[in-house]
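K.L.:
Below is start_0.tsv; it holds TSV, C-alpha atoms and all ligand atoms.
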```
chain	number	residue	atom	x	y	z
A	84	MET	CA	26.55	-9.93	-20.92
A	85	ALA	CA	24.48	-9.63	-24.11
A	86	PRO	CA	21.36	-7.50	-23.58
A	87	LEU	CA	18.26	-9.51	-22.70
A	88	TRP	CA	15.93	-6.95	-24.27
A	89	ASP	CA	15.45	-4.62	-27.16
A	90	SER	CA	13.01	-1.82	-27.92
A	91	ARG	CA	10.51	-2.98	-30.54
A	92	PRO	CA	7.09	-1.78	-31.74
A	93	SER	CA	4.31	-2.84	-29.38
A	94	PRO	CA	0.77	-2.85	-30.87
A	95	GLY	CA	-1.14	0.24	-29.73
A	96	LYS	CA	1.65	1.42	-27.42
A	97	GLY	CA	4.37	2.82	-29.68
A	98	ASN	CA	7.42	0.87	-28.58
A	99	GLY	CA	7.86	-1.68	-25.84
A	100	MET	CA	10.63	-3.71	-24.24
A	101	MET	CA	10.85	-7.15	-25.83
A	102	ALA	CA	12.68	-10.19	-24.41
A	103	LEU	CA	15.48	-11.30	-26.77
A	104	GLU	CA	15.65	-14.68	-25.03
A	105	ASP	CA	13.78	-16.67	-22.40
A	106	ILE	CA	14.13	-14.89	-19.05
A	107	GLU	CA	13.72	-16.90	-15.85
A	108	PRO	CA	12.02	-15.38	-12.78
A	109	GLY	CA	14.51	-13.67	-10.50
A	110	ASN	CA	16.90	-12.83	-13.36
A	111	LEU	CA	18.33	-9.33	-13.72
A	112	ILE	CA	17.11	-7.72	-16.97
A	113	LEU	CA	18.92	-4.39	-16.80
A	114	GLU	CA	20.44	-1.79	-14.51
A	115	ASP	CA	19.54	1.87	-14.69
A	116	LYS	CA	19.79	5.04	-12.68
A	117	GLU	CA	17.33	7.84	-12.18
A	118	ALA	CA	17.52	10.83	-14.51
A	119	LEU	CA	15.58	14.06	-14.48
A	120	ARG	CA	14.38	14.24	-10.88
A	121	ILE	CA	12.06	17.07	-9.92
A	122	TYR	CA	11.66	17.69	-6.19
A	123	ALA	CA	7.90	18.30	-6.15
A	124	PRO	CA	4.76	16.15	-6.01
A	125	SER	CA	3.44	15.24	-9.48
A	126	THR	CA	0.37	17.44	-8.91
A	127	HIS	CA	2.65	20.52	-8.72
A	128	ILE	CA	4.84	19.84	-11.76
A	129	ALA	CA	4.28	22.10	-14.79
A	130	ALA	CA	5.61	21.91	-18.36
A	131	ALA	CA	8.23	24.60	-17.59
A	132	ASP	CA	9.69	22.46	-14.74
A	133	VAL	CA	10.05	19.45	-17.04
A	134	ARG	CA	11.57	21.65	-19.77
A	135	ALA	CA	14.15	23.08	-17.35
A	136	ALA	CA	15.12	19.58	-16.13
A	137	PHE	CA	15.18	18.26	-19.71
A	138	ASP	CA	17.54	21.07	-20.81
A	139	ARG	CA	20.00	20.02	-18.09
A	140	LEU	CA	20.32	16.48	-19.54
A	141	SER	CA	23.18	15.55	-21.87
A	142	ALA	CA	22.35	15.46	-25.60
A	143	GLU	CA	22.44	11.65	-25.46
A	144	ASP	CA	20.03	11.49	-22.50
A	145	ARG	CA	17.70	14.04	-24.14
A	146	ALA	CA	17.48	11.72	-27.16
A	147	ARG	CA	16.73	8.78	-24.83
A	148	PHE	CA	14.06	10.80	-23.01
A	149	LEU	CA	12.34	11.52	-26.33
A	150	LEU	CA	12.18	7.78	-27.05
A	151	LEU	CA	9.78	7.35	-24.12
A	152	SER	CA	6.06	7.11	-24.76
A	153	ASP	CA	3.95	10.27	-24.39
A	154	GLY	CA	0.76	8.23	-24.11
A	155	GLN	CA	-0.58	9.55	-27.41
A	156	LYS	CA	1.70	9.26	-30.39
A	157	THR	CA	5.36	8.99	-31.21
A	158	SER	CA	6.89	11.87	-33.07
A	159	ASP	CA	10.34	13.33	-33.46
A	160	ASP	CA	9.17	16.87	-32.74
A	161	TYR	CA	8.77	18.09	-29.23
A	162	ASP	CA	7.44	21.09	-27.43
A	163	ASN	CA	6.96	21.75	-23.72
A	164	ALA	CA	3.52	20.12	-23.77
A	165	ARG	CA	4.93	16.87	-25.18
A	166	LEU	CA	7.82	16.90	-22.69
A	167	LEU	CA	5.25	17.18	-19.88
A	168	ARG	CA	3.17	14.34	-21.38
A	169	ILE	CA	6.25	12.11	-21.55
A	170	PHE	CA	7.06	12.97	-17.95
A	171	GLU	CA	3.49	12.35	-16.74
A	172	THR	CA	3.21	9.05	-18.61
A	173	ASN	CA	6.47	7.65	-17.25
A	174	ASN	CA	7.34	9.24	-13.92
A	175	PHE	CA	7.91	7.40	-10.66
A	176	GLU	CA	7.05	9.23	-7.44
A	177	ASP	CA	8.02	9.08	-3.78
A	178	GLN	CA	7.73	11.49	-0.86
A	179	TYR	CA	10.65	13.58	-2.19
A	180	GLY	CA	9.39	14.10	-5.74
A	181	CYS	CA	9.20	12.55	-9.19
A	182	TRP	CA	11.76	11.13	-11.57
A	183	ILE	CA	12.29	9.25	-14.81
A	184	TYR	CA	14.43	6.25	-15.75
A	185	LEU	CA	15.68	6.45	-19.30
A	186	LEU	CA	15.81	2.68	-19.84
A	187	ILE	CA	13.35	1.21	-17.32
A	188	CYS	CA	10.67	3.68	-18.49
A	189	ARG	CA	10.75	2.10	-21.94
A	190	CYS	CA	8.93	-0.78	-20.30
A	191	ASN	CA	5.17	-0.48	-20.82
A	192	HIS	CA	2.64	-0.83	-18.03
A	193	SER	CA	0.62	-3.94	-17.28
A	194	CYS	CA	-1.85	-4.53	-14.44
A	195	GLN	CA	-0.32	-8.04	-14.38
A	196	PRO	CA	3.39	-7.16	-14.68
A	197	ASN	CA	6.11	-9.75	-15.27
A	198	ALA	CA	8.97	-7.58	-14.01
A	199	VAL	CA	9.70	-5.28	-11.08
A	200	VAL	CA	12.07	-2.40	-10.34
A	201	LEU	CA	14.13	-3.05	-7.21
A	202	ILE	CA	16.07	-0.20	-5.67
A	203	SER	CA	19.28	-1.11	-3.88
A	204	GLU	CA	22.51	0.60	-2.87
A	205	GLN	CA	23.93	-0.42	-6.26
A	206	GLY	CA	21.20	1.50	-8.11
A	207	GLU	CA	17.96	0.54	-9.76
A	208	GLN	CA	17.54	-2.88	-11.29
A	209	LEU	CA	14.80	-4.45	-13.35
A	210	TYR	CA	14.16	-8.09	-12.41
A	211	ALA	CA	11.89	-10.70	-14.01
A	212	GLU	CA	9.14	-11.82	-11.62
A	213	THR	CA	7.67	-14.56	-13.77
A	214	PHE	CA	9.02	-16.56	-16.71
A	215	ILE	CA	9.21	-14.23	-19.75
A	216	PRO	CA	9.40	-16.19	-23.01
A	217	LYS	CA	11.66	-14.96	-25.82
A	218	GLY	CA	9.84	-12.48	-28.09
A	219	SER	CA	7.25	-11.46	-25.50
A	220	GLU	CA	6.93	-8.05	-23.93
A	221	ILE	CA	8.40	-7.09	-20.55
A	222	TYR	CA	5.97	-5.13	-18.35
A	223	ILE	CA	6.11	-3.33	-15.04
A	224	SER	CA	3.20	-1.80	-13.11
A	225	TYR	CA	3.12	2.01	-13.12
A	226	LYS	CA	0.79	1.92	-10.12
A	227	GLY	CA	1.30	0.70	-6.59
A	228	ALA	CA	-0.24	-2.17	-4.67
A	229	ILE	CA	-3.73	-0.65	-4.87
A	230	PHE	CA	-4.04	-1.82	-8.50
A	231	ARG	CA	-4.09	-5.45	-7.40
A	232	SER	CA	-7.41	-4.76	-5.63
A	233	LEU	CA	-9.23	-2.84	-8.38
A	234	THR	CA	-11.47	-4.12	-11.17
A	235	ALA	CA	-10.33	-3.52	-14.77
A	236	ARG	CA	-12.80	-0.66	-15.19
A	237	ARG	CA	-11.56	1.11	-12.10
A	238	ARG	CA	-7.89	0.61	-13.04
A	239	GLN	CA	-8.58	2.02	-16.48
A	240	ALA	CA	-10.31	5.08	-15.01
A	241	MET	CA	-7.15	5.81	-13.01
A	242	MET	CA	-4.79	5.17	-15.93
A	243	ARG	CA	-6.83	7.42	-18.23
A	244	SER	CA	-6.79	10.27	-15.73
A	245	HIS	CA	-3.22	9.88	-14.49
A	246	LYS	CA	-1.27	8.54	-17.44
A	247	GLY	CA	-3.37	9.66	-20.40
A	248	PHE	CA	-3.96	6.23	-21.94
A	249	THR	CA	-6.46	3.41	-21.71
A	250	CYS	CA	-4.76	0.31	-20.40
A	251	SER	CA	-4.99	-2.61	-22.83
A	252	CYS	CA	-2.71	-4.95	-20.90
A	253	PRO	CA	-3.45	-8.71	-20.90
A	254	ALA	CA	-5.31	-8.39	-17.56
A	255	CYS	CA	-7.52	-5.54	-18.86
A	256	SER	CA	-8.21	-6.91	-22.33
A	257	MET	CA	-9.01	-10.48	-21.32
A	258	PRO	CA	-12.43	-11.66	-22.61
A	259	ASN	CA	-15.23	-12.82	-20.31
A	260	PRO	CA	-15.73	-14.90	-18.24
A	261	GLY	CA	-12.00	-14.51	-17.44
A	262	LEU	CA	-12.33	-10.77	-16.87
A	263	MET	CA	-15.31	-11.21	-14.57
A	264	VAL	CA	-13.44	-13.78	-12.50
A	265	SER	CA	-10.37	-11.53	-12.35
A	266	ASP	CA	-12.54	-8.57	-11.23
A	267	MET	CA	-14.09	-10.71	-8.49
A	268	ARG	CA	-10.70	-11.95	-7.32
A	269	ARG	CA	-9.30	-8.41	-7.15
A	270	THR	CA	-12.38	-7.17	-5.30
A	271	LEU	CA	-11.91	-9.98	-2.76
A	272	ILE	CA	-8.19	-9.17	-2.49
A	273	GLY	CA	-9.20	-5.60	-1.61
A	274	GLY	CA	-11.81	-6.70	0.94
A	275	LEU	CA	-9.39	-9.01	2.77
A	276	TRP	CA	-6.50	-6.55	2.59
A	277	TYR	CA	-8.50	-3.65	4.06
A	278	ALA	CA	-9.90	-5.89	6.82
A	279	LEU	CA	-6.38	-7.00	7.73
A	280	GLN	CA	-5.33	-3.34	7.96
A	281	GLY	CA	-8.24	-2.76	10.38
A	282	LEU	CA	-10.09	-0.72	7.74
A	283	GLU	CA	-13.48	-0.79	6.02
A	284	VAL	CA	-13.40	-0.91	2.22
A	285	PRO	CA	-13.42	2.77	1.18
A	286	ASP	CA	-15.86	4.41	-1.21
A	287	LEU	CA	-14.49	3.83	-4.72
A	288	SER	CA	-17.47	5.23	-6.63
A	289	LEU	CA	-15.39	8.03	-8.19
A	290	LEU	CA	-13.63	5.34	-10.23
A	291	ASP	CA	-16.98	4.14	-11.62
A	292	ASP	CA	-17.87	7.53	-13.10
A	293	PRO	CA	-16.80	7.35	-16.79
A	294	ILE	CA	-16.22	11.11	-17.11
A	295	ALA	CA	-14.67	11.79	-13.70
A	296	VAL	CA	-11.16	13.19	-13.55
A	297	ILE	CA	-9.33	11.29	-10.81
A	298	PRO	CA	-7.01	13.65	-8.91
A	299	ASN	CA	-3.33	12.66	-9.08
A	300	ASP	CA	-3.17	12.39	-5.30
A	301	TYR	CA	-6.32	10.21	-5.13
A	302	ASP	CA	-5.74	7.89	-2.19
A	303	PRO	CA	-8.76	5.78	-1.18
A	304	ILE	CA	-6.78	4.15	1.65
A	305	ALA	CA	-6.54	7.53	3.41
A	306	THR	CA	-10.34	7.86	3.39
A	307	ALA	CA	-11.09	4.33	4.66
A	308	ARG	CA	-12.85	4.22	8.03
A	309	HIS	CA	-11.56	2.04	10.86
A	310	ARG	CA	-13.32	-1.27	11.48
A	311	GLN	CA	-15.20	-1.56	14.74
A	312	VAL	CA	-14.40	-5.22	15.31
A	313	ARG	CA	-10.83	-6.55	15.55
A	314	LEU	CA	-10.01	-9.70	13.62
A	315	SER	CA	-9.16	-12.76	15.70
A	316	GLU	CA	-5.91	-14.65	15.12
A	317	ALA	CA	-7.86	-17.46	13.46
A	318	GLU	CA	-9.48	-14.95	11.09
A	319	ARG	CA	-6.11	-13.38	10.31
A	320	THR	CA	-4.64	-16.79	9.51
A	321	ALA	CA	-7.52	-17.59	7.16
A	322	TYR	CA	-7.61	-14.13	5.53
A	323	TYR	CA	-3.85	-14.12	4.83
A	324	TYR	CA	-3.96	-17.65	3.49
A	325	VAL	CA	-6.87	-16.88	1.12
A	326	LEU	CA	-5.14	-13.61	0.08
A	327	ALA	CA	-2.00	-15.58	-0.81
A	328	ARG	CA	-3.98	-17.99	-3.00
A	329	LEU	CA	-6.01	-15.20	-4.65
A	330	GLU	CA	-2.81	-13.32	-5.59
A	331	GLN	CA	-1.38	-16.55	-6.96
A	332	ALA	CA	-4.50	-17.25	-9.05
A	333	GLU	CA	-4.48	-13.66	-10.31
A	334	GLY	CA	-0.93	-14.07	-11.62
A	335	SER	CA	0.57	-11.48	-9.24
A	336	SER	CA	4.23	-11.65	-8.40
A	337	PRO	CA	5.09	-14.78	-6.34
A	338	TYR	CA	6.58	-12.25	-3.92
A	339	TRP	CA	3.06	-11.37	-2.69
A	340	THR	CA	1.97	-14.98	-2.33
A	341	ALA	CA	5.11	-15.53	-0.25
A	342	ALA	CA	4.52	-12.43	1.90
A	343	TYR	CA	0.93	-13.47	2.73
A	344	LEU	CA	1.78	-17.14	3.36
A	345	ARG	CA	4.40	-15.97	5.83
A	346	GLU	CA	1.77	-13.90	7.66
A	347	ALA	CA	-0.68	-16.84	7.65
A	348	ALA	CA	2.02	-19.12	9.11
A	349	THR	CA	2.91	-16.55	11.77
A	350	TYR	CA	-0.70	-16.12	12.93
A	351	LEU	CA	-1.26	-19.88	12.98
A	352	LEU	CA	1.84	-20.17	15.15
A	353	TYR	CA	0.36	-17.55	17.56
A	354	GLN	CA	-2.74	-19.73	17.88
A	355	ILE	CA	-0.66	-22.82	18.58
A	356	ALA	CA	1.36	-20.87	21.14
A	357	ASP	CA	-1.76	-19.82	23.05
A	358	PRO	CA	-2.09	-21.69	26.34
A	359	PRO	CA	-2.52	-24.54	27.14
A	360	HIS	CA	0.37	-25.22	24.71
A	361	VAL	CA	-1.00	-28.33	23.12
A	362	VAL	CA	0.77	-28.48	19.78
A	363	LEU	CA	-1.42	-30.18	17.23
A	364	PRO	CA	0.96	-31.89	14.83
A	365	ARG	CA	-1.19	-31.02	11.81
A	366	SER	CA	-1.23	-27.27	12.60
A	367	ALA	CA	2.52	-27.31	13.16
A	368	GLN	CA	2.93	-29.02	9.80
A	369	TYR	CA	0.86	-26.28	8.08
A	370	VAL	CA	3.09	-23.62	9.63
A	371	ARG	CA	6.20	-25.41	8.31
A	372	ASP	CA	4.71	-26.07	4.85
A	373	TRP	CA	3.56	-22.47	4.36
A	374	MET	CA	6.93	-21.08	5.47
A	375	LYS	CA	8.75	-23.51	3.19
A	376	GLU	CA	6.62	-22.44	0.22
A	377	ALA	CA	7.01	-18.74	1.13
A	378	SER	CA	10.77	-19.11	1.34
A	379	MET	CA	10.98	-20.98	-1.98
A	380	LEU	CA	8.84	-18.37	-3.75
A	381	THR	CA	10.88	-15.47	-2.36
A	382	ASP	CA	14.12	-17.18	-3.43
A	383	SER	CA	12.68	-17.55	-6.94
A	384	VAL	CA	12.04	-13.85	-7.51
A	385	ARG	CA	14.54	-11.94	-5.38
A	386	PRO	CA	18.36	-11.88	-5.52
A	387	PRO	CA	20.02	-14.13	-2.87
A	388	HIS	CA	21.72	-11.13	-1.18
A	389	SER	CA	18.48	-9.11	-0.93
A	390	GLN	CA	16.93	-8.02	2.35
A	391	GLU	CA	13.69	-9.85	1.46
A	392	VAL	CA	15.46	-13.21	1.09
A	393	LYS	CA	17.51	-12.73	4.28
A	394	SER	CA	14.43	-11.72	6.26
A	395	MET	CA	12.40	-14.69	4.96
A	396	HIS	CA	15.16	-17.19	5.88
A	397	GLN	CA	15.48	-15.59	9.31
A	398	GLN	CA	11.74	-15.89	9.85
A	399	CYS	CA	11.84	-19.59	8.82
A	400	ASN	CA	14.54	-20.22	11.44
A	401	ASN	CA	12.65	-18.27	14.13
A	402	ILE	CA	9.44	-20.18	13.45
A	403	GLU	CA	11.22	-23.54	13.45
A	404	ALA	CA	12.81	-22.67	16.81
A	405	ALA	CA	9.46	-21.54	18.24
A	406	LEU	CA	7.78	-24.78	17.12
A	407	ALA	CA	10.55	-26.88	18.66
A	408	LYS	CA	10.24	-24.99	21.96
A	409	LEU	CA	6.45	-25.40	21.99
A	410	ALA	CA	6.76	-29.12	21.25
A	411	ASP	CA	9.14	-29.46	24.24
A	412	GLU	CA	6.76	-27.55	26.52
A	413	SER	CA	3.84	-29.58	25.27
A	414	GLN	CA	5.75	-32.81	25.96
A	415	ALA	CA	6.71	-31.56	29.45
A	416	GLY	CA	3.04	-30.76	30.13
A	417	LEU	CA	2.05	-34.32	29.23
A	418	ASP	CA	4.76	-35.98	31.35
A	501	ZN	ZN	-4.32	-3.07	-17.40
```
What is this structure when it is put down as structure tokens?
P.N.:
Amino acid sequence: MAPLWDSRPSPGKGNGMMALEDIEPGNLILEDKEALRIYAPSTHIAAADVRAAFDRLSAEDRARFLLLSDGQKTSDDYDNARLLRIFETNNFEDQYGCWIYLLICRCNHSCQPNAVVLISEQGEQLYAETFIPKGSEIYISYKGAIFRSLTARRRQAMMRSHKGFTCSCPACSMPNPGLMVSDMRRTLIGGLWYALQGLEVPDLSLLDDPIAVIPNDYDPIATARHRQVRLSEAERTAYYYVLARLEQAEGSSPYWTAAYLREAATYLLYQIADPPHVVLPRSAQYVRDWMKEASMLTDSVRPPHSQEVKSMHQQCNNIEAALAKLADESQAGLD
């Protein structure tokens, strides 16, 4: 298969990954494997650790590592400080440590990414999540789900502290009133998401301080207090439904819209299933419609053999069976 991408200059970001042809959502862009793993949290990794791991790479992989952005400038020279900057700008992290991908990491960051890294038994794969027109740049998000609930200013504070650059992605550099609307949507996404987790929105004021250094392990979710009042099933249905539509309007991956529609459908089904088992045809139709849309969206952005697609189809079947059973019970009650 001819490569779908090439590394080309990206204004203000050194190089970026450019689409060589139109890429449809759900299409595989490239396969990669992790290189240069360091078994320590990013806060504990020093230049000497990166240097030692770098020296263990093959000559070819060392050259590929040096092609990655260091967040400041591109140069052929390198010293331990630049190796560390490259590592800090590009690393992925999980509970076991940090690592680099030599190809995937050539993808620049966007707070509104059009591609995602999926990890499977076959290795790591980069998939398109939205339509990527030929000649445009392919982006992933270097930050987790929390970024979808932060305003541009707050995201930039984190990127400056953690990755050493000011994000100028399409979502961050959009002019007003678009930016204001996006900030409001993301703030609402945060409010609904925390409430659904049973949490109050945490104090995010550190991110509003222009000179604050945000610690690498900054985790506002861990500091959020528990809500006193539990959400009802009707509230959960509404919150998940609104969350799905906000993510959609914000241009997030259709995967999230699907995930939240599925939750909304499930909570609406719980309400229908509450005694006295009178199934209102319109509510049942909403449950079916939302599941149908969720399933279609998941199919559009995830490979057919993936766990996400299998689980979504299974849930559709379960919900259909539950609705049929309730309709029977409801009918029996009326007879
Ligand atoms: Zn951004």
K.L.:
For range 253-270 of chain A, please output as a PyMOL selection string all residues within 9 Å (counting all atoms listed in the file; exclusion window: fewer than 6 positions along the same chain).
P.N.:
chain A and resi 193-195+230-236+238-239+329-330+332-333
K.L.:
Excluding Arg134 in chain A and any residue of its chain fewer than 3 positions from it, enumerate the residues within 8 Å of it, using all atoms listed in the file, and give them as a list in words.
P.N.:
Ala130, Ala131, Phe137, Asp138, Asn163, Leu166 and Leu167 of chain A
K.L.:
Taking all atoms of range 310-319 of chain A that the file lists and extending 8 Å past them on each side, where is the centre of the axis-aligned box and how long are its edges? Answer in Å to one decimal, as lines of an AutoDock Vina configuration file.
P.N.:
```
center_x = -10.6
center_y = -9.4
center_z = 13.0
size_x = 25.3
size_y = 32.2
size_z = 21.4
```
K.L.:
Please report the interatomic distance between CA of Tyr184 in chain A and CA of Leu151 in chain A in Å with one decimal.
P.N.:
9.6 Å
K.L.:
How far is it from CA of Ile402 in chain A to CA of Ser378 in chain A, in Å with one decimal?
P.N.:
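Interatomic distance, CA of Ile402 in chain A to CA of Ser378 in chain A: 12.2 Å.
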K.L.:
Taking all atoms listed in the file into account, name the residue in A:Ser125, A:Ser203, A:Asn174, A:Ser219 that is nearest to Ile106 in chain A.
P.N.:
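Of the candidates, the smallest distance to Ile106 in chain A is held by A:Ser219.
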K.L.:
Sort by chain and increasing residue number a table of all residues of range 219-268 of chain A within 6 Å of range 287-297 of chain A, each with its closest pair of atoms and their distance in Å to one decimal, counting only C-alpha atoms, and write it as a Markdown table.
P.N.:
```
| residue | atom | partner | partner_atom | distance |
| --- | --- | --- | --- | --- |
| A:Arg237 | CA | A:Leu290 | CA | 5.1 |
| A:Ala240 | CA | A:Leu290 | CA | 5.8 |
| A:Ser244 | CA | A:Ile297 | CA | 5.6 |
```
K.L.:
May I have the selected residues written with C-alpha atoms, as a PDB file, keeping the file's coordinate frame?
P.N.:
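Everything below was put into again_16.pdb:
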```
ATOM      1  CA  ARG A 237     -11.560   1.110 -12.100  1.00  0.00           C
ATOM      2  CA  ALA A 240     -10.310   5.080 -15.010  1.00  0.00           C
ATOM      3  CA  SER A 244      -6.790  10.270 -15.730  1.00  0.00           C
TER       4      SER A 244
END
```
K.L.:
Between CA of Asn197 in chain A and CA of Phe214 in chain A, what is the distance, to one decimal in Å?
P.N.:
7.5 Å
K.L.:
Give as a PDB file with C-alpha atoms, in the frame of the given file each residue that has an atom at most 12 Å from (-4.6, 11.7, -24.1) in the file, counting all atoms listed in the file.
P.N.:
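That gives us part-v7.pdb:
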```pdb
ATOM      1  CA  SER A 152       6.060   7.110 -24.760  1.00  0.00           C
ATOM      2  CA  ASP A 153       3.950  10.270 -24.390  1.00  0.00           C
ATOM      3  CA  GLY A 154       0.760   8.230 -24.110  1.00  0.00           C
ATOM      4  CA  GLN A 155      -0.580   9.550 -27.410  1.00  0.00           C
ATOM      5  CA  LYS A 156       1.700   9.260 -30.390  1.00  0.00           C
ATOM      6  CA  ALA A 164       3.520  20.120 -23.770  1.00  0.00           C
ATOM      7  CA  ARG A 165       4.930  16.870 -25.180  1.00  0.00           C
ATOM      8  CA  ARG A 168       3.170  14.340 -21.380  1.00  0.00           C
ATOM      9  CA  ILE A 169       6.250  12.110 -21.550  1.00  0.00           C
ATOM     10  CA  GLU A 171       3.490  12.350 -16.740  1.00  0.00           C
ATOM     11  CA  THR A 172       3.210   9.050 -18.610  1.00  0.00           C
ATOM     12  CA  MET A 242      -4.790   5.170 -15.930  1.00  0.00           C
ATOM     13  CA  ARG A 243      -6.830   7.420 -18.230  1.00  0.00           C
ATOM     14  CA  SER A 244      -6.790  10.270 -15.730  1.00  0.00           C
ATOM     15  CA  HIS A 245      -3.220   9.880 -14.490  1.00  0.00           C
ATOM     16  CA  LYS A 246      -1.270   8.540 -17.440  1.00  0.00           C
ATOM     17  CA  GLY A 247      -3.370   9.660 -20.400  1.00  0.00           C
ATOM     18  CA  PHE A 248      -3.960   6.230 -21.940  1.00  0.00           C
ATOM     19  CA  THR A 249      -6.460   3.410 -21.710  1.00  0.00           C
ATOM     20  CA  CYS A 250      -4.760   0.310 -20.400  1.00  0.00           C
TER      21      CYS A 250
END
```
K.L.:
Could you give me, as a PyMOL selection string, the residues within 12 Å of Asn401 in chain A, counting all atoms listed in the file and dropping anything in the same chain fewer than 3 positions from it?
P.N.:
chain A and resi 345+348-349+352+370-371+374+394-398+404-408
K.L.:
Could you check which residues have any atom within 10 Å of (7.7, -12.0, 0.3), counting all atoms listed in the file with coordinates taken straight from the file, and then list them as a list of chain:residue names?
P.N.:
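I get A:Ser336, A:Pro337, A:Tyr338, A:Trp339, A:Thr340, A:Ala341, A:Ala342, A:Tyr343, A:Leu344, A:Arg345, A:Glu346, A:Ala377, A:Ser378, A:Met379, A:Leu380, A:Thr381, A:Asp382, A:Val384, A:Arg385, A:Glu391, A:Val392, A:Ser394, A:Met395 for the residues within 10 Å of that point.
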K.L.:
Out of A:Gly227, A:Pro94, A:Gly206, A:Gly273, which residue has the shortest atom-to-atom distance to Asp115 in chain A when counting only C-alpha atoms?
P.N.:
A:Gly206
K.L.:
As a list in words, please: the residues near Leu185 in chain A (cut-off 12 Å, all atoms listed in the file, same-chain neighbours under 5 positions excluded).
P.N.:
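With the cut-off at 12 Å, the set is Leu113, Glu114, Asp115, Lys116, Glu117, Ala118, Leu119, Arg120, Phe137, Leu140, Glu143, Asp144, Arg145, Ala146, Arg147, Phe148, Leu149, Leu150, Leu151, Ser152, Ile169, Phe170, Asn173, Asn174, Phe175, Cys190 and Glu207 of chain A.
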K.L.:
Find the residues near Val200 in chain A: any atom within 7 Å, counting all atoms listed in the file, skip ones fewer than 2 places away on the same chain, and give them as a VMD selection string.
P.N.:
chain A and resid 202 207 to 210
